[in-house]
Structures are given as structure tokens and as C-alpha cells.
file input37.csv (CSV, N, CA, C and O atoms)
chain,number,residue,atom,x,y,z
O,5,MET,N,28.6,232.4,-67.2
O,5,MET,CA,29.3,231.2,-67.4
O,5,MET,C,30.1,231.3,-68.7
O,5,MET,O,29.6,231.8,-69.7
O,6,LEU,N,31.3,230.9,-68.8
O,6,LEU,CA,32.2,231.0,-69.9
O,6,LEU,C,32.3,229.7,-70.8
O,6,LEU,O,33.1,229.6,-71.6
O,7,GLU,N,31.3,228.8,-70.6
O,7,GLU,CA,31.4,227.5,-71.2
O,7,GLU,C,31.6,227.5,-72.7
O,7,GLU,O,32.4,226.7,-73.2
O,8,GLY,N,30.9,228.4,-73.4
O,8,GLY,CA,30.9,228.4,-74.8
O,8,GLY,C,32.2,229.0,-75.4
O,8,GLY,O,32.4,229.0,-76.6
O,9,LYS,N,33.0,229.6,-74.5
O,9,LYS,CA,34.2,230.3,-75.0
O,9,LYS,C,35.5,229.5,-74.9
O,9,LYS,O,36.6,230.0,-75.1
O,10,ALA,N,35.4,228.2,-74.6
O,10,ALA,CA,36.6,227.4,-74.5
O,10,ALA,C,37.2,227.1,-75.9
O,10,ALA,O,36.4,226.9,-76.9
O,11,ILE,N,38.5,227.2,-76.0
O,11,ILE,CA,39.2,226.9,-77.3
O,11,ILE,C,40.0,225.6,-77.1
O,11,ILE,O,40.9,225.6,-76.3
O,12,LEU,N,39.6,224.6,-77.8
O,12,LEU,CA,40.3,223.3,-77.7
O,12,LEU,C,41.6,223.3,-78.3
O,12,LEU,O,41.8,223.8,-79.5
O,13,GLY,N,42.7,222.9,-77.6
O,13,GLY,CA,44.0,222.7,-78.2
O,13,GLY,C,44.2,221.3,-78.7
O,13,GLY,O,44.0,221.0,-79.8
O,14,GLU,N,44.6,220.4,-77.8
O,14,GLU,CA,44.9,219.0,-78.1
O,14,GLU,C,44.1,218.2,-77.1
O,14,GLU,O,43.9,218.5,-76.0
O,15,THR,N,43.7,217.0,-77.6
O,15,THR,CA,43.0,216.1,-76.7
O,15,THR,C,42.9,214.7,-77.3
O,15,THR,O,43.1,214.5,-78.6
O,16,ASP,N,42.8,213.7,-76.5
O,16,ASP,CA,42.5,212.3,-77.0
O,16,ASP,C,41.3,211.8,-76.2
O,16,ASP,O,41.1,210.6,-76.2
O,17,MET,N,40.6,212.6,-75.5
O,17,MET,CA,39.4,212.3,-74.7
O,17,MET,C,38.2,212.0,-75.6
O,17,MET,O,38.1,212.7,-76.6
O,18,PRO,N,37.3,211.2,-75.1
O,18,PRO,CA,36.0,211.1,-75.8
O,18,PRO,C,35.3,212.5,-75.7
O,18,PRO,O,35.5,213.2,-74.8
O,19,VAL,N,34.5,212.8,-76.7
O,19,VAL,CA,33.8,214.1,-76.8
O,19,VAL,C,33.0,214.4,-75.5
O,19,VAL,O,33.1,215.5,-75.0
O,20,MET,N,32.3,213.5,-74.9
O,20,MET,CA,31.5,213.7,-73.7
O,20,MET,C,32.4,214.1,-72.6
O,20,MET,O,32.1,215.0,-71.8
O,21,MET,N,33.6,213.5,-72.4
O,21,MET,CA,34.5,213.8,-71.4
O,21,MET,C,35.1,215.2,-71.6
O,21,MET,O,35.3,216.0,-70.7
O,22,GLN,N,35.4,215.5,-72.9
O,22,GLN,CA,35.9,216.9,-73.2
O,22,GLN,C,34.9,217.9,-72.8
O,22,GLN,O,35.3,218.9,-72.1
O,23,GLN,N,33.6,217.7,-73.1
O,23,GLN,CA,32.6,218.7,-72.7
O,23,GLN,C,32.5,218.8,-71.2
O,23,GLN,O,32.3,219.9,-70.6
O,24,HIS,N,32.6,217.7,-70.5
O,24,HIS,CA,32.6,217.7,-69.0
O,24,HIS,C,33.8,218.5,-68.5
O,24,HIS,O,33.6,219.3,-67.6
O,25,ALA,N,34.9,218.4,-69.1
O,25,ALA,CA,36.1,219.1,-68.6
O,25,ALA,C,35.9,220.6,-68.8
O,25,ALA,O,36.2,221.4,-67.9
O,26,MET,N,35.4,221.0,-69.9
O,26,MET,CA,35.1,222.4,-70.2
O,26,MET,C,34.0,223.0,-69.3
O,26,MET,O,34.2,224.2,-68.9
O,27,ARG,N,33.0,222.3,-69.1
O,27,ARG,CA,31.9,222.7,-68.1
O,27,ARG,C,32.5,222.9,-66.7
O,27,ARG,O,32.2,223.8,-66.0
O,28,CYS,N,33.3,221.9,-66.3
O,28,CYS,CA,33.9,221.9,-65.0
O,28,CYS,C,34.8,223.2,-64.9
O,28,CYS,O,34.8,223.8,-63.8
O,29,ALA,N,35.6,223.5,-65.9
O,29,ALA,CA,36.4,224.7,-65.8
O,29,ALA,C,35.6,225.9,-65.7
O,29,ALA,O,35.9,226.8,-65.0
O,30,ALA,N,34.5,226.0,-66.5
O,30,ALA,CA,33.7,227.2,-66.5
O,30,ALA,C,33.0,227.4,-65.1
O,30,ALA,O,33.0,228.5,-64.6
O,31,ARG,N,32.6,226.3,-64.5
O,31,ARG,CA,32.0,226.3,-63.2
O,31,ARG,C,33.0,226.8,-62.1
O,31,ARG,O,32.8,227.6,-61.3
O,32,ALA,N,34.2,226.3,-62.3
O,32,ALA,CA,35.3,226.7,-61.3
O,32,ALA,C,35.6,228.1,-61.5
O,32,ALA,O,35.9,228.8,-60.5
O,33,LEU,N,35.6,228.7,-62.7
O,33,LEU,CA,35.8,230.1,-62.9
O,33,LEU,C,34.7,230.9,-62.3
O,33,LEU,O,34.9,232.1,-62.0
O,34,ASP,N,33.5,230.4,-62.3
O,34,ASP,CA,32.4,231.1,-61.7
O,34,ASP,C,32.5,231.2,-60.2
O,34,ASP,O,32.1,232.2,-59.6
O,35,ILE,N,33.1,230.2,-59.6
O,35,ILE,CA,33.3,230.1,-58.1
O,35,ILE,C,34.5,230.8,-57.6
O,35,ILE,O,34.5,231.5,-56.6
O,36,HIS,N,35.6,230.6,-58.3
O,36,HIS,CA,36.9,231.1,-57.9
O,36,HIS,C,37.4,232.3,-58.7
O,36,HIS,O,37.0,232.5,-59.9
O,37,ASP,N,38.2,233.2,-58.1
O,37,ASP,CA,38.8,234.3,-58.8
O,37,ASP,C,39.7,233.7,-59.9
O,37,ASP,O,40.4,232.7,-59.7
O,38,VAL,N,39.8,234.4,-61.0
O,38,VAL,CA,40.5,234.0,-62.2
O,38,VAL,C,42.0,233.8,-61.8
O,38,VAL,O,42.7,233.0,-62.5
O,39,TYR,N,42.5,234.5,-60.8
O,39,TYR,CA,43.9,234.4,-60.4
O,39,TYR,C,44.2,233.3,-59.4
O,39,TYR,O,45.3,233.0,-59.1
O,40,ASP,N,43.1,232.6,-59.0
O,40,ASP,CA,43.2,231.5,-58.0
O,40,ASP,C,43.4,230.2,-58.7
O,40,ASP,O,42.6,229.3,-58.6
O,41,CYS,N,44.4,230.1,-59.5
O,41,CYS,CA,44.6,228.9,-60.3
O,41,CYS,C,44.7,227.6,-59.5
O,41,CYS,O,44.3,226.6,-60.0
O,42,GLN,N,45.3,227.7,-58.3
O,42,GLN,CA,45.4,226.5,-57.5
O,42,GLN,C,44.1,225.9,-57.2
O,42,GLN,O,43.9,224.7,-57.3
O,43,HIS,N,43.1,226.7,-56.7
O,43,HIS,CA,41.8,226.2,-56.4
O,43,HIS,C,41.0,225.8,-57.6
O,43,HIS,O,40.2,224.9,-57.5
O,44,ILE,N,41.2,226.5,-58.7
O,44,ILE,CA,40.5,226.1,-59.9
O,44,ILE,C,41.0,224.7,-60.3
O,44,ILE,O,40.2,223.8,-60.6
O,45,ALA,N,42.3,224.4,-60.3
O,45,ALA,CA,42.9,223.1,-60.6
O,45,ALA,C,42.4,222.1,-59.7
O,45,ALA,O,42.1,221.0,-60.0
O,46,GLN,N,42.4,222.4,-58.4
O,46,GLN,CA,42.0,221.5,-57.3
O,46,GLN,C,40.5,221.1,-57.6
O,46,GLN,O,40.2,219.9,-57.5
O,47,SER,N,39.7,222.0,-57.9
O,47,SER,CA,38.2,221.7,-58.1
O,47,SER,C,38.1,220.8,-59.3
O,47,SER,O,37.3,219.8,-59.2
O,48,MET,N,38.8,221.0,-60.4
O,48,MET,CA,38.7,220.2,-61.6
O,48,MET,C,39.2,218.8,-61.3
O,48,MET,O,38.6,217.8,-61.7
O,49,LYS,N,40.4,218.7,-60.6
O,49,LYS,CA,40.9,217.4,-60.3
O,49,LYS,C,40.0,216.6,-59.4
O,49,LYS,O,39.7,215.4,-59.7
O,50,GLN,N,39.4,217.2,-58.4
O,50,GLN,CA,38.5,216.5,-57.5
O,50,GLN,C,37.2,216.0,-58.3
O,50,GLN,O,36.7,214.9,-58.1
O,51,GLU,N,36.7,216.8,-59.2
O,51,GLU,CA,35.5,216.4,-60.0
O,51,GLU,C,35.9,215.2,-60.9
O,51,GLU,O,35.1,214.3,-60.9
O,52,PHE,N,37.0,215.2,-61.5
O,52,PHE,CA,37.4,214.1,-62.4
O,52,PHE,C,37.7,212.9,-61.6
O,52,PHE,O,37.4,211.7,-62.0
O,53,ASP,N,38.4,213.0,-60.4
O,53,ASP,CA,38.6,211.9,-59.6
O,53,ASP,C,37.3,211.2,-59.2
O,53,ASP,O,37.2,210.0,-59.1
O,54,LYS,N,36.3,212.0,-58.9
O,54,LYS,CA,35.0,211.5,-58.4
O,54,LYS,C,34.3,210.8,-59.6
O,54,LYS,O,33.7,209.7,-59.3
O,55,TRP,N,34.3,211.3,-60.8
O,55,TRP,CA,33.5,210.8,-61.9
O,55,TRP,C,34.3,209.6,-62.6
O,55,TRP,O,33.7,208.7,-63.1
O,56,TYR,N,35.6,209.7,-62.7
O,56,TYR,CA,36.4,208.8,-63.5
O,56,TYR,C,37.4,208.0,-62.8
O,56,TYR,O,38.3,207.5,-63.4
O,57,GLY,N,37.4,208.0,-61.5
O,57,GLY,CA,38.4,207.3,-60.7
O,57,GLY,C,39.6,208.2,-60.4
O,57,GLY,O,39.9,209.2,-61.1
O,58,GLY,N,40.4,207.8,-59.4
O,58,GLY,CA,41.5,208.6,-59.0
O,58,GLY,C,42.7,208.7,-60.0
O,58,GLY,O,42.7,207.9,-60.9
O,59,GLY,N,43.6,209.6,-59.7
O,59,GLY,CA,44.8,209.7,-60.5
O,59,GLY,C,44.9,210.8,-61.5
O,59,GLY,O,45.8,210.9,-62.3
O,60,TRP,N,43.8,211.7,-61.4
O,60,TRP,CA,43.8,212.8,-62.4
O,60,TRP,C,44.7,213.9,-61.9
O,60,TRP,O,44.9,214.1,-60.7
O,61,GLN,N,45.3,214.7,-62.8
O,61,GLN,CA,46.2,215.8,-62.6
O,61,GLN,C,45.7,217.0,-63.3
O,61,GLN,O,45.2,216.8,-64.5
O,62,CYS,N,45.8,218.2,-62.8
O,62,CYS,CA,45.3,219.4,-63.4
O,62,CYS,C,46.2,220.5,-63.2
O,62,CYS,O,46.7,220.7,-62.1
O,63,ILE,N,46.6,221.2,-64.3
O,63,ILE,CA,47.4,222.4,-64.3
O,63,ILE,C,46.6,223.5,-64.9
O,63,ILE,O,46.1,223.3,-66.0
O,64,VAL,N,46.6,224.6,-64.2
O,64,VAL,CA,45.9,225.8,-64.7
O,64,VAL,C,46.8,227.0,-64.6
O,64,VAL,O,47.4,227.2,-63.6
O,65,GLY,N,46.9,227.8,-65.6
O,65,GLY,CA,47.7,229.0,-65.6
O,65,GLY,C,47.8,229.7,-66.9
O,65,GLY,O,47.1,229.4,-67.8
O,66,THR,N,48.7,230.7,-66.9
O,66,THR,CA,48.8,231.5,-68.1
O,66,THR,C,50.1,231.3,-68.8
O,66,THR,O,50.3,231.7,-69.9
O,67,ASN,N,51.1,230.6,-68.1
O,67,ASN,CA,52.4,230.4,-68.7
O,67,ASN,C,53.0,229.2,-68.1
O,67,ASN,O,53.6,229.3,-67.0
O,68,PHE,N,53.0,228.1,-68.8
O,68,PHE,CA,53.6,226.9,-68.2
O,68,PHE,C,54.0,226.0,-69.4
O,68,PHE,O,53.4,226.0,-70.5
O,69,GLY,N,54.9,225.1,-69.2
O,69,GLY,CA,55.3,224.1,-70.1
O,69,GLY,C,55.0,222.8,-69.5
O,69,GLY,O,54.9,222.7,-68.2
O,70,SER,N,55.0,221.7,-70.3
O,70,SER,CA,54.8,220.4,-69.7
O,70,SER,C,55.4,219.3,-70.6
O,70,SER,O,55.5,219.5,-71.8
O,71,PHE,N,55.7,218.2,-70.0
O,71,PHE,CA,56.2,217.1,-70.7
O,71,PHE,C,55.7,215.9,-69.8
O,71,PHE,O,56.2,215.8,-68.7
O,72,LEU,N,54.8,215.1,-70.3
O,72,LEU,CA,54.2,214.1,-69.4
O,72,LEU,C,53.8,212.9,-70.1
O,72,LEU,O,53.7,212.9,-71.4
O,73,THR,N,53.5,211.9,-69.4
O,73,THR,CA,52.9,210.6,-69.9
O,73,THR,C,51.5,210.5,-69.3
O,73,THR,O,51.4,210.7,-68.1
O,74,HIS,N,50.6,210.2,-70.1
O,74,HIS,CA,49.2,210.0,-69.6
O,74,HIS,C,48.6,208.7,-70.1
O,74,HIS,O,49.0,208.1,-71.1
O,75,SER,N,47.5,208.3,-69.4
O,75,SER,CA,46.7,207.2,-69.9
O,75,SER,C,46.0,207.5,-71.2
O,75,SER,O,45.4,208.6,-71.3
O,76,HIS,N,45.9,206.6,-72.1
O,76,HIS,CA,45.2,206.8,-73.3
O,76,HIS,C,43.8,207.2,-73.1
O,76,HIS,O,43.1,206.7,-72.3
O,77,GLY,N,43.3,208.3,-73.8
O,77,GLY,CA,41.9,208.7,-73.7
O,77,GLY,C,41.7,209.6,-72.5
O,77,GLY,O,40.5,209.8,-72.2
O,78,SER,N,42.7,210.2,-71.9
O,78,SER,CA,42.5,211.0,-70.7
O,78,SER,C,43.2,212.3,-70.7
O,78,SER,O,43.5,212.9,-69.7
O,79,PHE,N,43.5,212.9,-71.9
O,79,PHE,CA,44.3,214.1,-72.0
O,79,PHE,C,43.5,215.2,-72.7
O,79,PHE,O,42.9,214.9,-73.7
O,80,ILE,N,43.5,216.4,-72.1
O,80,ILE,CA,42.9,217.5,-72.8
O,80,ILE,C,43.7,218.8,-72.4
O,80,ILE,O,44.1,218.9,-71.3
O,81,TYR,N,43.9,219.6,-73.4
O,81,TYR,CA,44.5,220.9,-73.2
O,81,TYR,C,43.6,221.9,-73.9
O,81,TYR,O,43.3,221.8,-75.1
O,82,PHE,N,43.1,222.9,-73.2
O,82,PHE,CA,42.2,223.9,-73.8
O,82,PHE,C,42.4,225.2,-73.0
O,82,PHE,O,43.1,225.3,-72.0
O,83,SER,N,41.8,226.3,-73.6
O,83,SER,CA,41.9,227.6,-72.9
O,83,SER,C,40.6,228.2,-72.8
O,83,SER,O,39.7,228.0,-73.7
O,84,ILE,N,40.4,229.1,-71.8
O,84,ILE,CA,39.2,229.9,-71.7
O,84,ILE,C,39.8,231.3,-71.3
O,84,ILE,O,40.5,231.4,-70.3
O,85,GLU,N,39.5,232.3,-72.2
O,85,GLU,CA,40.0,233.6,-72.0
O,85,GLU,C,41.6,233.5,-72.1
O,85,GLU,O,42.1,232.8,-73.0
O,86,LYS,N,42.3,234.0,-71.0
O,86,LYS,CA,43.7,233.9,-71.0
O,86,LYS,C,44.3,232.7,-70.2
O,86,LYS,O,45.5,232.5,-70.2
O,87,LEU,N,43.4,231.9,-69.6
O,87,LEU,CA,43.8,230.8,-68.8
O,87,LEU,C,43.9,229.5,-69.7
O,87,LEU,O,43.0,229.2,-70.4
O,88,ALA,N,45.0,228.8,-69.5
O,88,ALA,CA,45.1,227.5,-70.1
O,88,ALA,C,44.9,226.4,-69.1
O,88,ALA,O,45.2,226.5,-67.9
O,89,PHE,N,44.3,225.3,-69.6
O,89,PHE,CA,43.9,224.1,-68.7
O,89,PHE,C,44.5,222.9,-69.3
O,89,PHE,O,44.3,222.6,-70.5
O,90,LEU,N,45.2,222.2,-68.5
O,90,LEU,CA,45.8,220.9,-68.8
O,90,LEU,C,45.3,219.9,-67.8
O,90,LEU,O,45.5,220.0,-66.6
O,91,LEU,N,44.5,218.9,-68.3
O,91,LEU,CA,43.9,217.9,-67.4
O,91,LEU,C,44.2,216.5,-68.0
O,91,LEU,O,44.1,216.3,-69.2
O,92,PHE,N,44.7,215.6,-67.2
O,92,PHE,CA,45.1,214.3,-67.7
O,92,PHE,C,45.1,213.3,-66.5
O,92,PHE,O,45.3,213.7,-65.4
O,93,LYS,N,45.0,212.1,-66.9
O,93,LYS,CA,45.2,211.0,-65.9
O,93,LYS,C,46.5,210.4,-66.1
O,93,LYS,O,46.9,210.0,-67.2
O,94,GLY,N,47.3,210.3,-65.0
O,94,GLY,CA,48.6,209.7,-65.1
O,94,GLY,C,48.7,208.3,-65.6
O,94,GLY,O,47.7,207.5,-65.4
O,95,ALA,N,49.7,207.9,-66.3
O,95,ALA,CA,49.8,206.6,-66.8
O,95,ALA,C,50.4,205.7,-65.7
O,95,ALA,O,51.2,206.1,-64.9
O,96,PRO,N,50.0,204.4,-65.7
O,96,PRO,CA,50.6,203.5,-64.8
O,96,PRO,C,52.1,203.4,-65.0
O,96,PRO,O,52.6,203.6,-66.2
O,97,ALA,N,52.9,203.1,-64.0
O,97,ALA,CA,54.3,203.0,-64.1
O,97,ALA,C,54.8,202.1,-65.2
O,97,ALA,O,55.9,202.3,-65.8
O,98,SER,N,54.0,201.0,-65.5
O,98,SER,CA,54.4,200.1,-66.5
O,98,SER,C,54.2,200.6,-68.0
O,98,SER,O,54.7,200.0,-68.9
O,99,CYS,N,53.5,201.7,-68.1
O,99,CYS,CA,53.3,202.2,-69.5
O,99,CYS,C,54.4,203.2,-69.8
O,99,CYS,O,54.7,204.1,-69.1
O,100,VAL,N,55.0,203.0,-70.9
O,100,VAL,CA,56.0,203.9,-71.4
O,100,VAL,C,55.7,204.2,-72.9
O,100,VAL,O,55.6,203.3,-73.7
O,101,TYR,N,55.5,205.5,-73.2
O,101,TYR,CA,55.2,205.8,-74.6
O,101,TYR,C,56.5,206.5,-75.2
O,101,TYR,O,57.1,207.3,-74.5
O,102,ALA,N,56.7,206.2,-76.4
O,102,ALA,CA,57.9,206.9,-77.1
O,102,ALA,C,57.4,208.1,-77.9
O,102,ALA,O,56.3,208.3,-78.2
call {"tool": "encode", "arguments": {"input": "input37.csv", "output": "C-alpha cells"}}
result
Amino acid sequence: MLEGKAILGETDMPVMMQQHAMRCAARALDIHDVYDCQHIAQSMKQEFDKWYGGGWQCIVGTNFGSFLTHSHGSFIYFSIEKLAFLLFKGAPASCVYA
């Protein structure tokens, strides 16, 4: 398991939720091939939808950019080995952040 090797980038999640995200990523990497980013992301999204309600989005890969709006307290960006993980809950349409 790669759980201890996660490098945190940016987050506004509570610490317990951050740890859950990193454990979830490590478990997904144990189950799926490291090149199967779609299924790794799907696994993480489903886990967070189950635990914290629907609306989670997950992006996993080695080279991507993003520009997004998220609900406060629901954003994390971290890496394990060469894979980057972006997990967030989308903001309601009425929320606009500058």
C-alpha cells in the first residue's frame, strides 16, 4: 500500500477527510493498474459520494490542468508516485467565487 507516500499539494478539506482521500487513492492503486486512471478516479468518486453525499468529481493522471469552482471544505490535490489526484465536490450553481 502506498498510503504513506502521498504528497499533499493544496487542500481546504478537514484533516480526517484528507486522510480518507489518500487512503482511498492508495486502495484504488492496489486494485487497479497505475495506468487505469479512469477506474481509479471512478473508485474514489464513488467512495466519496457514498460517505459524503453526491456531487464529487475526481481527476487522476500525470498531466492535466484545471480551473474549477468547488464547495468550501471539499477540495484536495495530492500526488502518489507520478500520479496526481484532484478530488472536489462541485459548488451549487448559486455559488460564485472570485
call {"tool": "select_by_dssp", "arguments": {"input": "input37.csv", "residues": "segment 13-80 of chain O", "states": "alpha helix (DSSP H)", "output": "PyMOL selection string"}}
result
chain O and resi 19-35+41-56
call {"tool": "residues_around", "arguments": {"input": "input37.csv", "residues": "Tyr81 of chain O", "least_positions_apart": "3", "cutoff": "5 Å", "atoms": "all atoms listed in the file", "output": "MDAnalysis selection string"}}
result
chainID O and resid 11:15 89:90
call {"tool": "residues_around", "arguments": {"input": "input37.csv", "residues": "segment 52-64 of chain O", "least_positions_apart": "6", "cutoff": "6 Å", "atoms": "only N, CA, C and O atoms", "output": "list of chain:residue names"}}
result
O:Cys41, O:Gln42, O:Ala45, O:Gln46, O:Ala88, O:Phe89, O:Leu90, O:Leu91, O:Phe92, O:Lys93, O:Gly94
call {"tool": "atom_distance", "arguments": {"input": "input37.csv", "atom1": "atom O of Ser83 of chain O", "atom2": "atom CA of Ala25 of chain O"}}
result
10.9 Å
call {"tool": "select_by_dssp", "arguments": {"input": "input37.csv", "residues": "chain O", "states": "strand (DSSP E or B)", "output": "ChimeraX atom specification"}}
result
/O:10-15,60-65,74-84,87-94
call {"tool": "closest_residue", "arguments": {"input": "input37.csv", "among": "O:Ala95, O:Val19, O:Leu87, O:His76", "to": "Val38 of chain O", "atoms": "all atoms listed in the file"}}
result
O:Leu87
call {"tool": "atom_distance", "arguments": {"input": "input37.csv", "atom1": "atom N of Phe82 of chain O", "atom2": "atom N of Asp34 of chain O"}}
result
16.3 Å
call {"tool": "atom_distance", "arguments": {"input": "input37.csv", "atom1": "atom CA of Met21 of chain O", "atom2": "atom CA of Glu51 of chain O"}}
result
11.7 Å
call {"tool": "build_atoms", "arguments": {"input": "input37.csv", "residues": "segment 9-19 of chain O", "atoms": "all heavy atoms", "output": "short mmCIF file (atom, residue, chain, number, x, y, z; two decimals), in the coordinates of the input"}}
result
data_model
loop_
_atom_site.label_atom_id
_atom_site.label_comp_id
_atom_site.auth_asym_id
_atom_site.auth_seq_id
_atom_site.Cartn_x
_atom_site.Cartn_y
_atom_site.Cartn_z
N LYS O 9 33.00 229.60 -74.50
CA LYS O 9 34.20 230.30 -75.00
C LYS O 9 35.50 229.50 -74.90
O LYS O 9 36.60 230.00 -75.10
CB LYS O 9 34.35 231.59 -74.18
CG LYS O 9 33.13 232.49 -74.35
CD LYS O 9 33.33 233.80 -73.68
CE LYS O 9 32.05 234.52 -73.58
NZ LYS O 9 31.70 235.54 -74.38
N ALA O 10 35.40 228.20 -74.60
CA ALA O 10 36.60 227.40 -74.50
C ALA O 10 37.20 227.10 -75.90
O ALA O 10 36.40 226.90 -76.90
CB ALA O 10 36.30 226.09 -73.84
N ILE O 11 38.50 227.20 -76.00
CA ILE O 11 39.20 226.90 -77.30
C ILE O 11 40.00 225.60 -77.10
O ILE O 11 40.90 225.60 -76.30
CB ILE O 11 40.07 228.07 -77.73
CG1 ILE O 11 39.22 229.31 -77.96
CG2 ILE O 11 40.86 227.70 -78.97
CD1 ILE O 11 40.02 230.57 -78.18
N LEU O 12 39.60 224.60 -77.80
CA LEU O 12 40.30 223.30 -77.70
C LEU O 12 41.60 223.30 -78.30
O LEU O 12 41.80 223.80 -79.50
CB LEU O 12 39.41 222.22 -78.27
CG LEU O 12 39.87 220.79 -78.13
CD1 LEU O 12 39.99 220.40 -76.66
CD2 LEU O 12 38.90 219.87 -78.84
N GLY O 13 42.70 222.90 -77.60
CA GLY O 13 44.00 222.70 -78.20
C GLY O 13 44.20 221.30 -78.70
O GLY O 13 44.00 221.00 -79.80
N GLU O 14 44.60 220.40 -77.80
CA GLU O 14 44.90 219.00 -78.10
C GLU O 14 44.10 218.20 -77.10
O GLU O 14 43.90 218.50 -76.00
CB GLU O 14 46.36 218.72 -77.90
CG GLU O 14 47.27 219.45 -78.84
CD GLU O 14 47.14 218.97 -80.28
OE1 GLU O 14 46.83 217.78 -80.50
OE2 GLU O 14 47.33 219.80 -81.17
N THR O 15 43.70 217.00 -77.60
CA THR O 15 43.00 216.10 -76.70
C THR O 15 42.90 214.70 -77.30
O THR O 15 43.10 214.50 -78.60
CB THR O 15 41.50 216.52 -76.47
OG1 THR O 15 40.90 215.67 -75.48
CG2 THR O 15 40.66 216.49 -77.73
N ASP O 16 42.80 213.70 -76.50
CA ASP O 16 42.50 212.30 -77.00
C ASP O 16 41.30 211.80 -76.20
O ASP O 16 41.10 210.60 -76.20
CB ASP O 16 43.74 211.43 -76.93
CG ASP O 16 44.17 211.05 -75.52
OD1 ASP O 16 43.62 211.60 -74.54
OD2 ASP O 16 45.06 210.19 -75.38
N MET O 17 40.60 212.60 -75.50
CA MET O 17 39.40 212.30 -74.70
C MET O 17 38.20 212.00 -75.60
O MET O 17 38.10 212.70 -76.60
CB MET O 17 39.05 213.39 -73.72
CG MET O 17 39.82 213.49 -72.49
SD MET O 17 39.11 214.84 -71.48
CE MET O 17 40.12 214.66 -70.04
N PRO O 18 37.30 211.20 -75.10
CA PRO O 18 36.00 211.10 -75.80
C PRO O 18 35.30 212.50 -75.70
O PRO O 18 35.50 213.20 -74.80
CB PRO O 18 35.25 210.05 -75.02
CG PRO O 18 36.30 209.29 -74.27
CD PRO O 18 37.44 210.24 -74.05
N VAL O 19 34.50 212.80 -76.70
CA VAL O 19 33.80 214.10 -76.80
C VAL O 19 33.00 214.40 -75.50
O VAL O 19 33.10 215.50 -75.00
CB VAL O 19 32.89 214.17 -78.00
CG1 VAL O 19 32.07 215.45 -78.00
CG2 VAL O 19 33.73 214.08 -79.26
#
